[in-house]
$ cat final_20.txt   # compact mmCIF, C-alpha atoms and all ligand atoms
# COMPACT_ATOMS: atom_id res chain seq x y z
CA MET A 151 46.23 30.28 -69.33
CA GLN A 152 44.91 26.84 -69.98
CA LYS A 153 47.01 25.45 -67.18
CA LYS A 154 45.66 28.13 -64.86
CA ASP A 155 42.06 27.25 -65.86
CA PHE A 156 42.76 23.63 -65.29
CA LEU A 157 44.16 24.32 -61.81
CA LEU A 158 41.21 26.56 -61.00
CA LYS A 159 38.77 23.82 -62.00
CA ARG A 160 40.72 21.32 -59.99
CA TYR A 161 40.52 23.57 -56.93
CA GLN A 162 36.81 24.10 -57.58
CA TRP A 163 36.24 20.36 -57.49
CA LEU A 164 38.31 20.09 -54.39
CA LEU A 165 36.28 22.85 -52.78
CA ILE A 166 33.01 21.18 -53.79
CA GLY A 167 34.31 17.87 -52.45
CA PHE A 168 35.31 19.53 -49.21
CA LEU A 169 31.87 21.18 -48.84
CA VAL A 170 30.10 17.88 -49.51
CA LEU A 171 32.27 16.27 -46.85
CA ILE A 172 31.38 19.02 -44.34
CA VAL A 173 27.65 18.63 -45.07
CA CYS A 174 27.90 14.84 -44.64
CA LEU A 175 29.82 15.16 -41.39
CA SER A 176 27.44 17.69 -39.90
CA THR A 177 24.38 15.60 -40.88
CA ALA A 178 25.98 12.56 -39.26
CA SER A 179 26.88 14.41 -36.08
CA PHE A 180 23.37 15.92 -35.94
CA HIS A 181 21.86 12.43 -36.05
CA PHE A 182 24.37 11.22 -33.48
CA ILE A 183 23.49 14.02 -31.04
CA LYS A 184 19.77 13.46 -31.66
CA ASN A 185 20.16 9.74 -30.89
CA GLN A 186 22.15 10.51 -27.76
CA GLU A 187 19.39 12.85 -26.57
CA GLN A 188 16.74 10.24 -27.38
CA THR A 189 18.64 7.63 -25.33
CA LYS A 190 18.92 10.11 -22.47
CA THR A 191 15.17 10.85 -22.60
CA ASN A 192 14.37 7.14 -22.66
CA LYS A 193 16.66 6.57 -19.67
CA THR A 194 14.93 9.38 -17.75
CA LYS A 195 11.53 7.93 -18.65
CA LYS A 196 12.67 4.48 -17.50
CA ALA A 197 13.95 5.90 -14.20
CA ALA A 198 10.62 7.66 -13.65
CA ALA A 199 8.77 4.42 -14.42
CA SER A 200 10.82 2.42 -11.90
CA SER A 201 10.15 4.92 -9.10
CA TYR A 202 6.43 4.69 -9.88
CA THR A 203 4.79 2.65 -7.12
CA THR A 204 1.23 1.45 -7.32
CA LEU A 205 -1.11 0.60 -4.48
CA LYS A 206 -0.98 -3.02 -5.66
CA ASP A 207 2.83 -3.02 -5.33
CA LYS A 208 2.56 -1.59 -1.81
CA ALA A 209 -0.10 -4.13 -0.84
CA ALA A 210 2.27 -6.91 -1.89
CA GLN A 211 5.27 -5.42 -0.09
CA SER A 212 6.22 -7.06 3.20
CA GLY A 213 6.29 -4.56 6.05
CA SER A 214 4.35 -1.79 4.25
CA VAL A 215 1.36 -0.34 6.11
CA GLU A 216 -0.70 -1.17 3.01
CA GLN A 217 0.25 -4.87 3.10
CA LEU A 218 -2.69 -7.08 2.23
CA VAL A 219 -3.15 -10.15 4.39
CA ASN A 220 -6.22 -12.33 4.10
CA LYS A 221 -7.31 -15.88 3.35
CA THR A 222 -5.38 -15.71 0.05
CA TYR A 223 -2.28 -13.69 0.99
CA HIS A 224 -0.59 -15.19 4.03
CA LEU A 225 2.21 -14.35 6.45
CA SER A 226 4.95 -16.83 7.28
CA ARG A 227 5.28 -18.40 10.71
CA ASP A 228 8.35 -16.29 11.47
CA TYR A 229 6.92 -12.92 10.42
CA VAL A 230 7.20 -10.55 13.42
CA PRO A 231 7.06 -6.77 12.89
CA GLY A 232 10.28 -5.13 14.02
CA ASP A 233 8.75 -2.03 15.60
CA LEU A 234 6.08 -3.29 18.02
CA VAL A 235 5.29 -1.06 20.98
CA THR A 236 2.95 -1.59 23.92
CA LEU A 237 -0.02 0.77 23.95
CA ASN A 238 -0.59 3.14 26.81
CA VAL A 239 -4.38 3.27 26.49
CA GLN A 240 -7.31 1.65 28.26
CA SER A 241 -7.29 -2.03 27.29
CA VAL A 242 -8.63 -5.43 28.27
CA ARG A 243 -5.11 -6.91 28.21
CA PRO A 244 -1.66 -5.56 27.28
CA VAL A 245 -1.93 -4.59 23.61
CA GLN A 246 0.93 -4.19 21.14
CA LEU A 247 0.89 -2.56 17.71
CA ARG A 248 3.49 -1.30 15.24
CA LYS A 249 4.84 2.11 16.24
CA GLU A 250 3.01 4.14 13.55
CA ALA A 251 -0.31 2.39 14.16
CA ALA A 252 0.10 2.73 17.94
CA ALA A 253 0.72 6.49 17.70
CA ALA A 254 -2.35 6.90 15.47
CA LEU A 255 -4.49 4.80 17.82
CA THR A 256 -3.38 6.79 20.88
CA GLN A 257 -4.30 9.99 19.03
CA MET A 258 -7.67 8.51 18.07
CA PHE A 259 -8.46 7.43 21.66
CA GLY A 260 -7.54 10.94 22.84
CA ALA A 261 -9.77 12.65 20.26
CA ALA A 262 -12.68 10.33 21.17
CA ALA A 263 -12.18 11.01 24.90
CA LYS A 264 -12.53 14.75 24.26
CA GLU A 265 -16.03 13.99 22.94
CA GLY A 266 -16.90 11.80 25.96
CA ILE A 267 -16.27 8.54 24.06
CA THR A 268 -14.26 5.95 25.98
CA LEU A 269 -12.70 3.43 23.62
CA VAL A 270 -11.09 0.27 24.98
CA ALA A 271 -8.56 -1.86 23.10
CA ASN A 272 -9.19 -5.59 23.31
CA SER A 273 -6.46 -7.18 21.19
CA GLY A 274 -3.68 -5.97 18.88
CA TYR A 275 -0.62 -7.85 17.66
CA ARG A 276 -0.87 -11.63 17.82
CA SER A 277 1.93 -14.00 16.90
CA TYR A 278 1.50 -16.89 14.46
CA GLU A 279 1.41 -19.27 17.43
CA ASP A 280 -1.20 -17.18 19.30
CA GLN A 281 -3.42 -17.27 16.21
CA GLU A 282 -2.90 -21.01 15.83
CA LYS A 283 -4.20 -21.56 19.39
CA ILE A 284 -7.18 -19.19 18.95
CA PHE A 285 -8.25 -20.86 15.71
CA ALA A 286 -7.95 -24.35 17.21
CA GLN A 287 -10.18 -23.27 20.15
CA HIS A 288 -12.81 -21.88 17.74
CA VAL A 289 -12.77 -25.07 15.67
CA GLN A 290 -13.39 -27.08 18.85
CA THR A 291 -16.38 -25.00 19.91
CA MET A 292 -18.02 -24.21 16.55
CA GLY A 293 -16.52 -26.37 13.81
CA GLU A 294 -14.08 -25.35 11.07
CA ALA A 295 -16.48 -23.59 8.67
CA LYS A 296 -17.86 -21.19 11.29
CA ALA A 297 -14.41 -20.73 12.84
CA ASN A 298 -13.08 -19.71 9.41
CA ALA A 299 -15.85 -17.13 8.94
CA ILE A 300 -15.29 -15.41 12.26
CA SER A 301 -11.58 -15.88 12.81
CA SER A 302 -8.35 -16.55 10.94
CA LYS A 303 -6.07 -19.48 10.51
CA ALA A 304 -2.47 -18.76 11.55
CA GLY A 305 -0.71 -16.67 8.88
CA GLU A 306 -3.99 -15.27 7.58
CA SER A 307 -4.55 -12.72 10.34
CA GLU A 308 -3.81 -9.00 10.10
CA HIS A 309 -3.23 -9.11 13.85
CA GLN A 310 0.12 -10.76 13.03
CA LEU A 311 0.97 -7.62 11.01
CA GLY A 312 0.67 -5.51 14.17
CA LEU A 313 -1.59 -3.17 12.20
CA ALA A 314 -5.01 -4.40 13.38
CA VAL A 315 -6.76 -3.86 16.67
CA ASP A 316 -10.08 -5.01 18.11
CA LEU A 317 -12.00 -2.28 19.93
CA THR A 318 -14.66 -2.46 22.60
CA CYS A 319 -16.20 -0.32 25.33
CA ALA A 320 -17.74 -0.51 28.83
CA GLU A 321 -21.21 -1.09 27.38
CA MET A 322 -19.89 -4.24 25.64
CA SER A 323 -18.15 -5.33 28.88
CA GLY A 324 -14.92 -5.59 26.90
CA ASP A 325 -16.50 -8.10 24.54
CA LEU A 326 -16.46 -8.23 20.71
CA GLN A 327 -19.98 -8.37 19.28
CA GLN A 328 -21.71 -6.91 16.23
CA SER A 329 -23.90 -4.84 18.60
CA PHE A 330 -20.78 -2.67 19.10
CA GLU A 331 -22.03 -0.75 16.05
CA ASN A 332 -25.00 0.54 18.11
CA THR A 333 -22.89 1.88 20.97
CA ALA A 334 -21.70 5.50 21.07
CA GLU A 335 -18.14 4.17 20.75
CA GLY A 336 -18.96 1.97 17.75
CA LYS A 337 -20.72 4.87 16.01
CA TRP A 338 -17.80 7.18 16.71
CA ILE A 339 -15.35 4.66 15.23
CA ALA A 340 -17.48 4.18 12.11
CA ALA A 341 -17.54 7.95 11.59
CA HIS A 342 -13.95 8.93 12.50
CA ALA A 343 -11.52 5.97 12.28
CA GLN A 344 -10.39 6.94 8.76
CA ASP A 345 -9.15 10.32 9.99
CA TYR A 346 -6.60 8.45 12.11
CA GLY A 347 -5.61 6.02 9.34
CA TYR A 348 -7.91 3.13 10.33
CA ILE A 349 -10.61 1.34 8.35
CA ILE A 350 -13.31 -1.09 9.46
CA ARG A 351 -11.68 -3.97 7.66
CA PHE A 352 -14.64 -6.38 7.46
CA PRO A 353 -17.60 -4.17 6.62
CA LYS A 354 -21.22 -5.22 6.45
CA GLY A 355 -22.14 -6.57 2.99
CA ALA A 356 -18.53 -7.37 2.00
CA GLU A 357 -18.49 -10.89 3.46
CA ALA A 358 -18.02 -12.53 0.04
CA GLN A 359 -14.94 -10.42 -0.71
CA THR A 360 -13.29 -10.35 2.72
CA GLY A 361 -14.23 -13.90 3.70
CA TYR A 362 -15.34 -12.67 7.14
CA GLU A 363 -18.58 -11.83 8.85
CA TYR A 364 -19.16 -8.15 9.65
CA GLU A 365 -16.79 -7.01 12.43
CA PRO A 366 -17.51 -3.41 13.47
CA TRP A 367 -14.81 -3.75 16.14
CA HIS A 368 -11.85 -4.83 14.01
CA VAL A 369 -9.99 -1.82 12.63
CA ARG A 370 -6.89 -1.91 10.43
CA TYR A 371 -4.28 0.79 10.05
CA VAL A 372 -3.41 1.72 6.43
CA GLY A 373 -2.42 5.39 6.85
CA VAL A 374 -4.69 8.44 6.84
CA SER A 375 -4.75 9.22 3.12
CA LEU A 376 -5.61 5.67 2.03
CA ALA A 377 -8.06 5.12 4.91
CA GLN A 378 -10.00 8.25 3.92
CA LYS A 379 -10.09 7.16 0.27
CA ILE A 380 -11.30 3.65 1.17
CA LYS A 381 -13.97 5.07 3.51
CA LYS A 382 -15.17 7.46 0.80
CA SER A 383 -15.36 4.61 -1.74
CA GLY A 384 -17.59 2.53 0.52
CA LEU A 385 -15.59 -0.55 -0.54
CA CYS A 386 -13.73 -3.14 1.50
CA TYR A 387 -9.94 -3.24 1.03
CA GLU A 388 -10.04 -6.18 -1.39
CA ALA A 389 -12.59 -4.44 -3.64
CA TYR A 390 -10.78 -1.12 -3.37
CA LEU A 391 -7.52 -2.77 -4.48
CA LYS A 392 -9.27 -4.39 -7.41
CA LYS A 393 -10.56 -0.98 -8.53
CA HIS A 394 -7.62 1.23 -7.60
CA GLY A 395 -4.65 -1.19 -7.59
CA ALA A 396 -2.94 0.80 -10.37
CA ASP A 397 -3.24 4.09 -8.47
CA ARG A 398 0.06 5.74 -7.73
CA VAL A 399 1.16 5.86 -4.10
CA GLN A 400 4.23 7.41 -2.46
ZN ZN A 501 -9.57 -8.55 14.98

$ encode --input "final_20.txt" --output "structure tokens" --more "lines below"
Ligand SMILES: [Zn+2]
Amino acid sequence: MQKKDFLLKRYQWLLIGFLVLIVCLSTASFHFIKNQEQTKTNKTKKAAASSYTTLKDKAAQSGSVEQLVNKTYHLSRDYVPGDLVTLNVQSVRPVQLRKEAAAALTQMFGAAAKEGITLVANSGYRSYEDQEKIFAQHVQTMGEAKANAISSKAGESEHQLGLAVDLTCAEMSGDLQQSFENTAEGKWIAAHAQDYGYIIRFPKGAEAQTGYEYEPWHVRYVGVSLAQKIKKSGLCYEAYLKKHGADRVQ
């Protein structure tokens, strides 16, 4: 009887020990699974963060349509866009732009024509060397300070991006002057360019930020969505980037 009691107690202890072991093991495995899930969530979050692209990232990315080029952010001598096409629109000279910008410009010229507005392209893509020559000519005729306010040194021009185009019309005799803003064509561009992905890149009143005098004729392709946002903001691209650089873009 006593032996039986003793054995029973022994088994009881064994049973208790076994139960404690089970509880410990399940607690440990619960924590292990929880940690695994946490790691997985963190990994997913990290992946989402890396696919997150801001406007500032895009503006710094070579070859993006948002790429910022100005007197601070330059292009190298050998930068040539890989997808230049020659425009099939009325122009002063043969004009080339990147494919996407060219298609948008052709569409814009067509839409304007339907409203009796005849836009003329004056100049599009310019190589580093072209820009070097133009700037040197300006320096000769007006001195470096003035040349720098109305034109770009090589590597500082958006024309080298193949995303900028100078526009004119018959009334301007193909010329580029601020009075373009008073022509029917200039007014049409100021009102509609953003709907085709273009912005007036050097607006009136933004001289301190852009580094250029007002150029109602110089339009820059950035894509429709961004162009419309910039137009709505009333800011130049530099100021818009300062304010919305952290905005998410696709
Ligand atoms: Zn220009």

$ residues_near_ligand --input "final_20.txt" --ligand "ligand ZN 501 (chain A)" --cutoff "7 Å" --atoms "all atoms listed in the file" --output "ChimeraX atom specification"
/A:309,314-316,368

$ residues_around --input "final_20.txt" --residues "Gly324 (chain A)" --least-positions-apart "6" --cutoff "8 Å" --atoms "all atoms listed in the file" --output "number ranges by chain"
A: 242, 270, 272, 318

$ residues_around --input "final_20.txt" --residues "Tyr364 (chain A)" --least-positions-apart "2" --cutoff "7 Å" --atoms "only C-alpha atoms" --output "PyMOL selection string"
chain A and resi 352-354+357+362+366

$ atom_distance --input "final_20.txt" --atom1 "CA of Trp367 (chain A)" --atom2 "CA of Ser214 (chain A)"
22.6 Å

$ axis_aligned_box --input "final_20.txt" --around "region 383-393 of chain A" --padding-each-side "6 Å" --output "lines of an AutoDock Vina configuration file"
center_x = -12.6
center_y = -0.8
center_z = -3.5
size_x = 22.1
size_y = 22.8
size_z = 22.0

$ closest_residue --input "final_20.txt" --among "A:Leu247, A:Val239, A:Leu218, A:Leu376" --to "Lys206 (chain A)" --atoms "all atoms listed in the file"
A:Leu218

$ residues_around --input "final_20.txt" --residues "Glu321 (chain A)" --least-positions-apart "2" --cutoff "12 Å" --atoms "only C-alpha atoms" --output "list in words"
Ile267, Thr268, Leu269, Val270, Leu317, Thr318, Cys319, Ser323, Gly324, Asp325, Leu326, Gln327, Ser329, Phe330, Glu331, Asn332, Thr333, Ala334, Glu335 and Gly336 of chain A

$ atom_distance --input "final_20.txt" --atom1 "CA of Gln246 (chain A)" --atom2 "CA of Arg276 (chain A)"
8.3 Å

$ residues_around --input "final_20.txt" --residues "Lys303 (chain A)" --least-positions-apart "3" --cutoff "8 Å" --atoms "all atoms listed in the file" --output "PyMOL selection string"
chain A and resi 281-282+285+298+306-307

$ write_last_selection --input "final_20.txt" --atoms "C-alpha atoms" --output "PDB file, in the frame of the given file"
ATOM      1  CA  GLN A 281      -3.420 -17.270  16.210  1.00  0.00           C
ATOM      2  CA  GLU A 282      -2.900 -21.010  15.830  1.00  0.00           C
ATOM      3  CA  PHE A 285      -8.250 -20.860  15.710  1.00  0.00           C
ATOM      4  CA  ASN A 298     -13.080 -19.710   9.410  1.00  0.00           C
ATOM      5  CA  GLU A 306      -3.990 -15.270   7.580  1.00  0.00           C
ATOM      6  CA  SER A 307      -4.550 -12.720  10.340  1.00  0.00           C
TER       7      SER A 307
END

$ atom_distance --input "final_20.txt" --atom1 "CA of Asp207 (chain A)" --atom2 "CA of Leu225 (chain A)"
16.4 Å

$ closest_residue --input "final_20.txt" --among "A:Gln359, A:Gln328, A:Gln257, A:Thr222" --to "Ser302 (chain A)" --atoms "all atoms listed in the file"
A:Thr222

$ residues_around --input "final_20.txt" --residues "region 392-400 of chain A" --least-positions-apart "6" --cutoff "9 Å" --atoms "all atoms listed in the file" --output "PyMOL selection string"
chain A and resi 202-209

$ closest_residue --input "final_20.txt" --among "A:Phe168, A:Val245, A:Tyr390, A:Gly274" --to "Glu308 (chain A)" --atoms "all atoms listed in the file"
A:Gly274
